[in-house]
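Working notes for the structure below.
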Amino acid sequence: MTSTHTSETQATITPVKALQILKDGNQRFINNLKVNRNLLQQVNDTYDGQWPFAVILSCIDSRTSSELIFDQGLGDIFSIRIAGNIVNTDIIGSIEYACKVAGSKLIVVLGHTKCGAIKSACDHTEMGNLTDLLSKIQPAVYQERITVDQDKRNSHNSEFVENVASLNIRRSVKTVIDRSYILEQMVENEQIAIIGAKLHLDSGIVKFYDDTMISNKADISAHINY
């Protein structure tokens, strides 16, 4: 049985260690070997405070619960969910709170395969307030250069959809750092790191995009021209 994190245990976790905790948790998930937790006890343990070691920005898709796919308990991670795992001002503010105020050490932008929001963006769907949300995915649609046949640049082409989904993850990672001086400074000071990842719904495996990892000042410089 695993106990909840305290300020002391959170302080011992580095960004690299936080990433490994999530990787280990996903491995347990895909092997159906979840840790035995007393969730009611964790409710009591976190009554007076919380000390999550990571913040995960993921899609609202019902199959992408971060606590489940990374086998984490109550109080372990901050979970931010929005269609298409897009980034806006409110989300960046939430991530700033998670890291600067609550002490989280790792930011994960988690996309997934067969994403409905990505498919809608690929089809240039317009529908009420969803139109504005999908506009934040459109740059990834236009950035996809592999699919040259215009008739195949839509949701019926699964390869195109997955290419766009991966580009959207990468763009979101960069946007978080580009639009937050607070988070940028924390990365430069090596207090936190950010990385992109993609959940494969057919297997439950989360593939981390190691080349998107931003954990120091040199990484920030390397991503400026991405």
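Within each chain, counting starts at residue 1; across the structure tokens, chains are named A, B, ... in the order shown, with ligands numbered 1 upward in that order.
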Neighbouring residues of Asn32 (chain A) were defined as those with any atom within 12 Å, considering only C-alpha atoms; residues of the same chain fewer than 5 positions away were excluded. Please report them as a VMD selection string.
chain A and resid 25 to 27 68 to 71 203 to 205
Near region 99-115 of chain A, 10 Å: region 159-203 of chain A residue rows, closest pairs, only C-alpha atoms, as JSON lines:
```
{"residue": "A:Val161", "atom": "CA", "partner": "A:Lys114", "partner_atom": "CA", "distance": 7.4}
{"residue": "A:Glu162", "atom": "CA", "partner": "A:Thr113", "partner_atom": "CA", "distance": 6.4}
{"residue": "A:Asn163", "atom": "CA", "partner": "A:Thr113", "partner_atom": "CA", "distance": 9.9}
{"residue": "A:Ala165", "atom": "CA", "partner": "A:Gly111", "partner_atom": "CA", "distance": 6.9}
{"residue": "A:Ser166", "atom": "CA", "partner": "A:Gly111", "partner_atom": "CA", "distance": 7.5}
{"residue": "A:Leu167", "atom": "CA", "partner": "A:Gly111", "partner_atom": "CA", "distance": 10.0}
{"residue": "A:Asn168", "atom": "CA", "partner": "A:Gly111", "partner_atom": "CA", "distance": 8.1}
{"residue": "A:Ile169", "atom": "CA", "partner": "A:Gly111", "partner_atom": "CA", "distance": 6.1}
{"residue": "A:Arg170", "atom": "CA", "partner": "A:Val109", "partner_atom": "CA", "distance": 8.3}
{"residue": "A:Arg171", "atom": "CA", "partner": "A:Val109", "partner_atom": "CA", "distance": 9.8}
{"residue": "A:Ser172", "atom": "CA", "partner": "A:Val109", "partner_atom": "CA", "distance": 7.0}
{"residue": "A:Val173", "atom": "CA", "partner": "A:Val109", "partner_atom": "CA", "distance": 6.3}
{"residue": "A:Val176", "atom": "CA", "partner": "A:Val109", "partner_atom": "CA", "distance": 9.3}
{"residue": "A:Ile182", "atom": "CA", "partner": "A:Lys100", "partner_atom": "CA", "distance": 7.7}
{"residue": "A:Leu183", "atom": "CA", "partner": "A:Cys99", "partner_atom": "CA", "distance": 7.8}
{"residue": "A:Met186", "atom": "CA", "partner": "A:Lys100", "partner_atom": "CA", "distance": 8.0}
{"residue": "A:Val187", "atom": "CA", "partner": "A:Lys105", "partner_atom": "CA", "distance": 9.7}
{"residue": "A:Glu190", "atom": "CA", "partner": "A:Lys105", "partner_atom": "CA", "distance": 9.4}
{"residue": "A:Gln191", "atom": "CA", "partner": "A:Lys105", "partner_atom": "CA", "distance": 6.6}
{"residue": "A:Ile192", "atom": "CA", "partner": "A:Lys105", "partner_atom": "CA", "distance": 4.6}
{"residue": "A:Ala193", "atom": "CA", "partner": "A:Leu106", "partner_atom": "CA", "distance": 5.1}
{"residue": "A:Ile194", "atom": "CA", "partner": "A:Ile107", "partner_atom": "CA", "distance": 4.5}
{"residue": "A:Ile195", "atom": "CA", "partner": "A:Val108", "partner_atom": "CA", "distance": 5.1}
{"residue": "A:Gly196", "atom": "CA", "partner": "A:Val109", "partner_atom": "CA", "distance": 4.7}
{"residue": "A:Ala197", "atom": "CA", "partner": "A:Leu110", "partner_atom": "CA", "distance": 4.9}
{"residue": "A:Lys198", "atom": "CA", "partner": "A:Gly111", "partner_atom": "CA", "distance": 4.7}
{"residue": "A:Leu199", "atom": "CA", "partner": "A:His112", "partner_atom": "CA", "distance": 4.4}
{"residue": "A:His200", "atom": "CA", "partner": "A:Thr113", "partner_atom": "CA", "distance": 5.4}
{"residue": "A:Leu201", "atom": "CA", "partner": "A:Thr113", "partner_atom": "CA", "distance": 6.1}
{"residue": "A:Asp202", "atom": "CA", "partner": "A:Thr113", "partner_atom": "CA", "distance": 8.5}
```
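Distance-wise, CA of Ile80 (chain A) and CA of Ile92 (chain A) end up 10.2 Å apart.
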Check the DSSP output for the backbone and give back, as a PDB file with all heavy atoms, in the first residue's frame, the residues of region 149-202 of chain A in strand (DSSP E).
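File written: states_16.pdb
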```
ATOM      1  N   ALA A 193      10.715  20.535 -14.905  1.00  0.00           N
ATOM      2  CA  ALA A 193      10.937  20.183 -16.307  1.00  0.00           C
ATOM      3  C   ALA A 193       9.569  19.976 -16.946  1.00  0.00           C
ATOM      4  O   ALA A 193       8.556  19.801 -16.262  1.00  0.00           O
ATOM      5  CB  ALA A 193      11.784  18.923 -16.434  1.00  0.00           C
ATOM      6  N   ILE A 194       9.554  20.003 -18.281  1.00  0.00           N
ATOM      7  CA  ILE A 194       8.323  19.761 -19.023  1.00  0.00           C
ATOM      8  C   ILE A 194       8.613  18.802 -20.161  1.00  0.00           C
ATOM      9  O   ILE A 194       9.703  18.842 -20.747  1.00  0.00           O
ATOM     10  CB  ILE A 194       7.715  21.083 -19.549  1.00  0.00           C
ATOM     11  CG1 ILE A 194       6.410  20.817 -20.324  1.00  0.00           C
ATOM     12  CG2 ILE A 194       8.706  21.844 -20.417  1.00  0.00           C
ATOM     13  CD1 ILE A 194       5.632  22.083 -20.657  1.00  0.00           C
ATOM     14  N   ILE A 195       7.660  17.937 -20.457  1.00  0.00           N
ATOM     15  CA  ILE A 195       7.844  16.951 -21.518  1.00  0.00           C
ATOM     16  C   ILE A 195       6.496  16.618 -22.146  1.00  0.00           C
ATOM     17  O   ILE A 195       5.449  16.704 -21.489  1.00  0.00           O
ATOM     18  CB  ILE A 195       8.509  15.663 -20.965  1.00  0.00           C
ATOM     19  CG1 ILE A 195       8.948  14.738 -22.103  1.00  0.00           C
ATOM     20  CG2 ILE A 195       7.586  14.950 -19.983  1.00  0.00           C
ATOM     21  CD1 ILE A 195       9.812  13.567 -21.632  1.00  0.00           C
ATOM     22  N   GLY A 196       6.519  16.244 -23.418  1.00  0.00           N
ATOM     23  CA  GLY A 196       5.316  15.809 -24.098  1.00  0.00           C
ATOM     24  C   GLY A 196       5.227  14.295 -24.130  1.00  0.00           C
ATOM     25  O   GLY A 196       6.242  13.595 -24.063  1.00  0.00           O
ATOM     26  N   ALA A 197       4.010  13.782 -24.236  1.00  0.00           N
ATOM     27  CA  ALA A 197       3.806  12.334 -24.273  1.00  0.00           C
ATOM     28  C   ALA A 197       2.495  12.023 -24.977  1.00  0.00           C
ATOM     29  O   ALA A 197       1.626  12.894 -25.112  1.00  0.00           O
ATOM     30  CB  ALA A 197       3.788  11.756 -22.862  1.00  0.00           C
ATOM     31  N   LYS A 198       2.374  10.784 -25.411  1.00  0.00           N
ATOM     32  CA  LYS A 198       1.160  10.370 -26.121  1.00  0.00           C
ATOM     33  C   LYS A 198       0.699   9.010 -25.615  1.00  0.00           C
ATOM     34  O   LYS A 198       1.487   8.060 -25.570  1.00  0.00           O
ATOM     35  CB  LYS A 198       1.433  10.304 -27.624  1.00  0.00           C
ATOM     36  CG  LYS A 198       0.199  10.163 -28.497  1.00  0.00           C
ATOM     37  CD  LYS A 198       0.623  10.217 -29.959  1.00  0.00           C
ATOM     38  CE  LYS A 198      -0.552  10.377 -30.901  1.00  0.00           C
ATOM     39  NZ  LYS A 198      -0.113  10.428 -32.315  1.00  0.00           N
ATOM     40  N   LEU A 199      -0.565   8.941 -25.241  1.00  0.00           N
ATOM     41  CA  LEU A 199      -1.169   7.688 -24.795  1.00  0.00           C
ATOM     42  C   LEU A 199      -1.720   6.942 -26.010  1.00  0.00           C
ATOM     43  O   LEU A 199      -2.493   7.500 -26.792  1.00  0.00           O
ATOM     44  CB  LEU A 199      -2.301   7.970 -23.809  1.00  0.00           C
ATOM     45  CG  LEU A 199      -3.234   6.799 -23.470  1.00  0.00           C
ATOM     46  CD1 LEU A 199      -2.486   5.699 -22.735  1.00  0.00           C
ATOM     47  CD2 LEU A 199      -4.435   7.283 -22.669  1.00  0.00           C
TER      48      LEU A 199
END
```
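Between CA of Ser79 (chain A) and CA of Ala11 (chain A) the separation is 19.7 Å.
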Phe160 (chain A) environment, 12 Å, only C-alpha atoms, sequence neighbours closer than 3 positions dropped, as an NGL selection string
:A and (113-115 or 118-119 or 121-123 or 140-157 or 163-167)
Skip Ile13 (chain A) itself and residues of its chain fewer than 4 positions away, then list as an MDAnalysis selection string all residues within 8 Å of it, counting only C-alpha atoms.
chainID A and resid 9 17:18 53 105
Can I get the selected residues back with C-alpha atoms, as a PDB file, in the first residue's frame?
```
ATOM      1  CA  THR A   9       8.684  13.425   0.268  1.00  0.00           C
ATOM      2  CA  LYS A  17      12.628  11.138 -10.632  1.00  0.00           C
ATOM      3  CA  ALA A  18       9.083  12.418 -11.162  1.00  0.00           C
ATOM      4  CA  PHE A  53       4.845  15.828  -7.584  1.00  0.00           C
ATOM      5  CA  LYS A 105       8.382  19.130 -10.252  1.00  0.00           C
TER       6      LYS A 105
END
```
